[in-house]
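Engineer: One structure, pasted below without further comment.
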Amino acid sequence: MITQMKKYNFLVFHKEYDAFLTMLQEAGVVHVTEKAEGLADNPELSAQLALSQQLQQAIEQLEALVPAGSNPLAAEKADAAELLQQLDQLNADKHNVEQLIQATRKEADRMKLWGNFDRKKLDALAEAGYVLQFFTCASHKYQAEWESAYNAVLLSDPKSSTYCFCTVNHERVQLEADEQTLNPHSYDQLLADINAQQGLLAAAQANLEGFAIKTLESFRLALHTCKSAIDWQKVQLSTDRAAEDTLCLLEGFCPIDKVEALDNQLNAAHIYYQEADPKDEDQTPIKLRNNKFTRIFEPLTGMYGWPSYGEFDPTPILAPFYLLFFALCMGDMGYGIILVIYGLLQTKKIVNISMFDGLGPIITALGVATTVVGFLMNTVFGVPVTMLDWHPAKVAGFDFWMVAAVAIGVFHICFAMTVKAICSTVRYGFRQTVSTWGWLLLIVGSISTILLSMAFSLPTNVVKYTIIGLGAVSALGIYLFNTPGRNPLINVGAGLWDTYNMATGLLGDVLSYIRLYALGLAGGMLGNAFNDLAVNMIWAGGEGAIAAVVLKGAGMVLVLLLGHVLNLLMACLGAFVHPLRLTFVEYFKNAGYEGKGVLYQPFGGK
């Protein structure tokens, strides 16, 4: 449901405006109408927005850095730029050590071919007047005569494809090989350097963790302060000026349950305001008011777009259908139980994966629905669960679920058309929705008549004339009265075009629901295939030694775990995406839902 709003227009003397905004911010109940002009190209606001984004990214990093079981220290007021600078320096220190380790490891790989050597002895030879040169070349390019002509000495394994060799002469020589410069440290010394650098990296990581514990709450306080400043600037830029900038005019909206308290504050401060009901042309924000169960599905509605103030909130209808669609796509009782367990662990923060923050309750609900539907579809980890006489899987097999998927699709679309007719009538009046009611009467009425005839064996003539009557009445609304006051010929043309779109669209919409059956069937078959693969593995080759049986058993367990984890992840992805598509495309299109609303965000609200 959508909370009813009241529209406010404030008129305040410019010298009292800052005090008025402070009072409004402390009240935290008024959503200020933002003006598009002036917001995008304001340098001060742009700088604050950039700072807010930097603080948010820093907080996400610090939250990941706080060790488990550690509690961040209390917030201290600090300059946001200074906090970010300190964090950047710590990140740079860690990055520099990581780069040093990477460079040293690369150098160690290069020096590995040269083995270990004593640098002091090499320096002593150089002081004695000998010129030592180090070369590498492909094995087929090495010339044995270099050994006698230039005192070449092989230093690497002769079986290697790359030869490393050294020449000892009193003068530099030119060979058809790549001359190398040895690192002052040998291979073992470079490995020791890497170990020492790993200690520096651990110290840099510890510094970051300590900084996270010390400043995380301070970063959050800085972000809150920054967002308050952004809100203040937006309100200032959304204020109209009149009477040579001596009067400030501001428009906002307040939920109906907060109006009385706001009015008392405004009257006590002697603020002039006008209060009225919002109109269709107003940019009225929406505040959803749903029960505990429906509220967990609100993020799905937000993914498509929030309803406008004059629209209906689709969340109460989206919730049960999405549960059903997800469960049908998963189609496995075992996977449902796993989702329930994970959802509860995520809710209790026993297991905490950041990308699923706040989604524990919806995962639990989806898991419960999948468990129930998986039992009805007779599958637990790809294995049949039961063969009770009343069980759909025994009565009708997989064909039952294909028919059920189509039937669910027909019902879902008819329900959407009913919602559209009722909500459009409430919003625009019956005269503007005659065509919508005509289509509803024709489609839902015809389907209902056919179902009643099948259930109660109605006479053929009764069914025939009922459908003809429904068609005749519907045709009047679809072709003649679809737009009141317009030329009838134009109405007929518009009705024919609407008929073409409806005829081609409805069939495709209904067939789209077969994916519910197909995905559930595919997941069950793939799970069963992994089971067969694992069982065949342990029985392959007949009886054998105990060690062989244990090895095969371990392989079977590994195949089962990896196979079902992979199948579960793929099933979850499909079960998340495809029900959304059925909701966003098939349902919202037939329900006439636009989703172009603005969410209620009060000035100064938490």
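Naming scheme: A, B, ... for chains in displayed order of the structure tokens; residues 1 onward per chain; ligands 1 onward as shown.
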Counting only C-alpha atoms, what is within 7 Å of segment 186-188 of chain A, bar same-chain residues fewer than 4 positions away, as a list in words?
Structural biologist: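 My reading of the contact set: Ala108, Met111, Lys112, Gly115, Asn116, Phe117 and Ala192 of chain A.
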Engineer: Would you list the contacts of Leu506 of chain A as an MDAnalysis selection string, taking every protein, DNA or RNA residue within 10 Å and counting only C-alpha atoms, but skipping same-chain residues closer than 6 positions in sequence?
Structural biologist: chainID A and resid 410 413 512 586 590
Engineer: Those residues with all heavy atoms, as a PDB file, in the first residue's frame please?
Structural biologist:
ATOM      1  N   VAL A 410      -2.024 -18.196 -17.432  1.00  0.00           N
ATOM      2  CA  VAL A 410      -3.332 -17.635 -17.807  1.00  0.00           C
ATOM      3  C   VAL A 410      -3.943 -16.889 -16.628  1.00  0.00           C
ATOM      4  O   VAL A 410      -4.446 -15.765 -16.767  1.00  0.00           O
ATOM      5  CB  VAL A 410      -4.270 -18.756 -18.291  1.00  0.00           C
ATOM      6  CG1 VAL A 410      -5.687 -18.221 -18.484  1.00  0.00           C
ATOM      7  CG2 VAL A 410      -3.754 -19.352 -19.599  1.00  0.00           C
ATOM      8  N   ILE A 413      -2.024 -13.550 -15.892  1.00  0.00           N
ATOM      9  CA  ILE A 413      -2.329 -12.482 -16.851  1.00  0.00           C
ATOM     10  C   ILE A 413      -3.746 -11.966 -16.645  1.00  0.00           C
ATOM     11  O   ILE A 413      -3.997 -10.747 -16.691  1.00  0.00           O
ATOM     12  CB  ILE A 413      -2.120 -12.995 -18.287  1.00  0.00           C
ATOM     13  CG1 ILE A 413      -0.627 -13.217 -18.544  1.00  0.00           C
ATOM     14  CG2 ILE A 413      -2.677 -12.007 -19.308  1.00  0.00           C
ATOM     15  CD1 ILE A 413      -0.313 -13.867 -19.862  1.00  0.00           C
ATOM     16  N   SER A 512       5.190 -17.897 -22.417  1.00  0.00           N
ATOM     17  CA  SER A 512       6.389 -17.579 -21.633  1.00  0.00           C
ATOM     18  C   SER A 512       6.404 -18.306 -20.297  1.00  0.00           C
ATOM     19  O   SER A 512       7.478 -18.555 -19.728  1.00  0.00           O
ATOM     20  CB  SER A 512       6.476 -16.067 -21.390  1.00  0.00           C
ATOM     21  OG  SER A 512       6.693 -15.369 -22.592  1.00  0.00           O
ATOM     22  N   GLU A 586       5.489  -9.727 -18.541  1.00  0.00           N
ATOM     23  CA  GLU A 586       4.121 -10.220 -18.756  1.00  0.00           C
ATOM     24  C   GLU A 586       3.116  -9.583 -17.789  1.00  0.00           C
ATOM     25  O   GLU A 586       2.067  -9.092 -18.205  1.00  0.00           O
ATOM     26  CB  GLU A 586       4.090 -11.747 -18.621  1.00  0.00           C
ATOM     27  CG  GLU A 586       4.507 -12.493 -19.868  1.00  0.00           C
ATOM     28  CD  GLU A 586       6.002 -12.420 -20.131  1.00  0.00           C
ATOM     29  OE1 GLU A 586       6.755 -12.151 -19.165  1.00  0.00           O
ATOM     30  OE2 GLU A 586       6.430 -12.634 -21.281  1.00  0.00           O
ATOM     31  N   ASN A 590       0.519  -6.203 -18.693  1.00  0.00           N
ATOM     32  CA  ASN A 590      -0.928  -6.415 -18.708  1.00  0.00           C
ATOM     33  C   ASN A 590      -1.631  -5.718 -17.546  1.00  0.00           C
ATOM     34  O   ASN A 590      -2.838  -5.489 -17.607  1.00  0.00           O
ATOM     35  CB  ASN A 590      -1.239  -7.916 -18.673  1.00  0.00           C
ATOM     36  CG  ASN A 590      -0.904  -8.608 -19.983  1.00  0.00           C
ATOM     37  OD1 ASN A 590      -1.604  -8.470 -20.970  1.00  0.00           O
ATOM     38  ND2 ASN A 590       0.193  -9.359 -19.998  1.00  0.00           N
TER      39      ASN A 590
END
Engineer: Gly445 of chain A: which residues within 12 Å, counting only C-alpha atoms, same-chain residues fewer than 6 positions away excluded, as a list in words?
Structural biologist: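 So the residues in contact are Cys414, Met417, Thr418, Trp437, Gly438, Trp439, Leu451, Leu452, Val463, Thr466, Ile467, Ile468, Gly469, Leu470, Gly471, Val473 and Ser474 of chain A.
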Engineer: Just list as a PyMOL selection string whatever in segment 165-414 of chain A DSSP marks as strand (DSSP E or B).
Structural biologist: chain A and resi 165-169+178-180+240-242+247-255+272-276+286+288+380+383
Engineer: Write out as a PyMOL selection string which residues come within 6 Å of segment 322-336 of chain A when counting only C-alpha atoms, dropping same-chain ones fewer than 3 positions away.
Structural biologist: chain A and resi 318-319+339+366-367+369-371+373-375+379-381+516+519-520+571+575+579
Engineer: Select, from A:Leu200, A:Ala522, A:Val535, A:Cys248, the residue with the minimum atom-to-atom distance to His95 of chain A, counting only C-alpha atoms.
Structural biologist: A:Leu200
Engineer: Quick one: residues within 7 Å of Thr284 of chain A, only C-alpha atoms, excluding same-chain residues fewer than 2 positions away - as a count of residues only?
Structural biologist: 5
Engineer: Just want the 10 Å neighbourhood of Thr364 of chain A, counted on only C-alpha atoms, with same-chain residues fewer than 2 positions away dropped. Output as a ChimeraX atom specification.
Structural biologist: /A:336-347,359-362,366-370
Engineer: So that I can see what lies close to segment 169-182 of chain A, please list as a PyMOL selection string the residues with an atom at most 10 Å from it, counting only C-alpha atoms and leaving out residues fewer than 3 positions away in the same chain.
Structural biologist: chain A and resi 107+110-111+114+119+126+128-138+141-143+146+149-152+163-166+185-186
Engineer: Pick out the closest residue to Val550 of chain A from this set: A:Met537, A:Ile101, A:Lys94, A:Val444. Count only C-alpha atoms.
Structural biologist: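 The answer is A:Met537, which sits nearest to Val550 of chain A.
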Engineer: Take atom CA of Ile317 of chain A and atom CA of Gly597 of chain A and report the distance between them in Å, one decimal.
Structural biologist: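 Atom CA of Gly597 of chain A lies at a distance of 17.9 Å from atom CA of Ile317 of chain A.
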Engineer: Between A:Leu84, A:Ala202, A:Leu288, A:Ile256, which has the minimum distance to Trp306 of chain A (counting only C-alpha atoms)?
Structural biologist: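 Going through A:Leu84, A:Ala202, A:Leu288, A:Ile256 one by one, the smallest distance to Trp306 of chain A is for A:Leu288.
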Engineer: So which bits of segment 299-361 of chain A end up helix (DSSP H, G or I) when you DSSP the backbone, as an MDAnalysis selection string?
Structural biologist: chainID A and resid 299:304 315:330 333:347 354:356 360:361
Engineer: Produce a file of the selected residues containing C-alpha atoms, as a short mmCIF file (atom, residue, chain, number, x, y, z; two decimals), in the first residue's frame.
Structural biologist:
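Saved to again-v7.cif:
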data_model
loop_
_atom_site.label_atom_id
_atom_site.label_comp_id
_atom_site.auth_asym_id
_atom_site.auth_seq_id
_atom_site.Cartn_x
_atom_site.Cartn_y
_atom_site.Cartn_z
CA PRO A 299 13.56 -4.46 -3.29
CA LEU A 300 12.20 -6.46 -6.25
CA THR A 301 9.65 -3.73 -6.94
CA GLY A 302 12.41 -1.13 -6.69
CA MET A 303 14.46 -3.00 -9.30
CA TYR A 304 11.77 -2.21 -11.88
CA THR A 315 4.42 -5.54 -4.03
CA PRO A 316 1.55 -7.36 -2.21
CA ILE A 317 0.67 -9.10 -5.50
CA LEU A 318 4.27 -9.59 -6.62
CA ALA A 319 5.24 -11.37 -3.38
CA PRO A 320 3.12 -14.57 -3.53
CA PHE A 321 3.50 -14.98 -7.30
CA TYR A 322 7.26 -14.52 -7.17
CA LEU A 323 7.46 -17.09 -4.38
CA LEU A 324 5.50 -19.58 -6.49
CA PHE A 325 7.47 -18.89 -9.68
CA PHE A 326 10.83 -19.18 -7.93
CA ALA A 327 9.83 -22.46 -6.29
CA LEU A 328 8.63 -23.93 -9.60
CA CYS A 329 11.89 -22.96 -11.31
CA MET A 330 13.93 -24.55 -8.50
CA MET A 333 12.92 -30.05 -2.01
CA GLY A 334 16.57 -30.57 -1.05
CA TYR A 335 17.66 -27.28 -2.56
CA GLY A 336 14.80 -25.58 -0.76
CA ILE A 337 16.00 -26.89 2.60
CA ILE A 338 19.51 -25.59 1.85
CA LEU A 339 18.09 -22.15 1.05
CA VAL A 340 16.10 -22.12 4.30
CA ILE A 341 19.21 -22.99 6.33
CA TYR A 342 21.37 -20.42 4.56
CA GLY A 343 18.69 -17.73 4.82
CA LEU A 344 18.41 -18.23 8.57
CA LEU A 345 22.20 -18.19 9.00
CA GLN A 346 22.44 -14.98 6.92
CA THR A 347 19.63 -13.35 8.92
CA SER A 354 28.11 -8.89 2.02
CA MET A 355 26.28 -9.18 -1.32
CA PHE A 356 23.36 -10.82 0.52
CA GLY A 360 18.26 -13.35 4.64
CA PRO A 361 14.47 -13.19 5.19
#
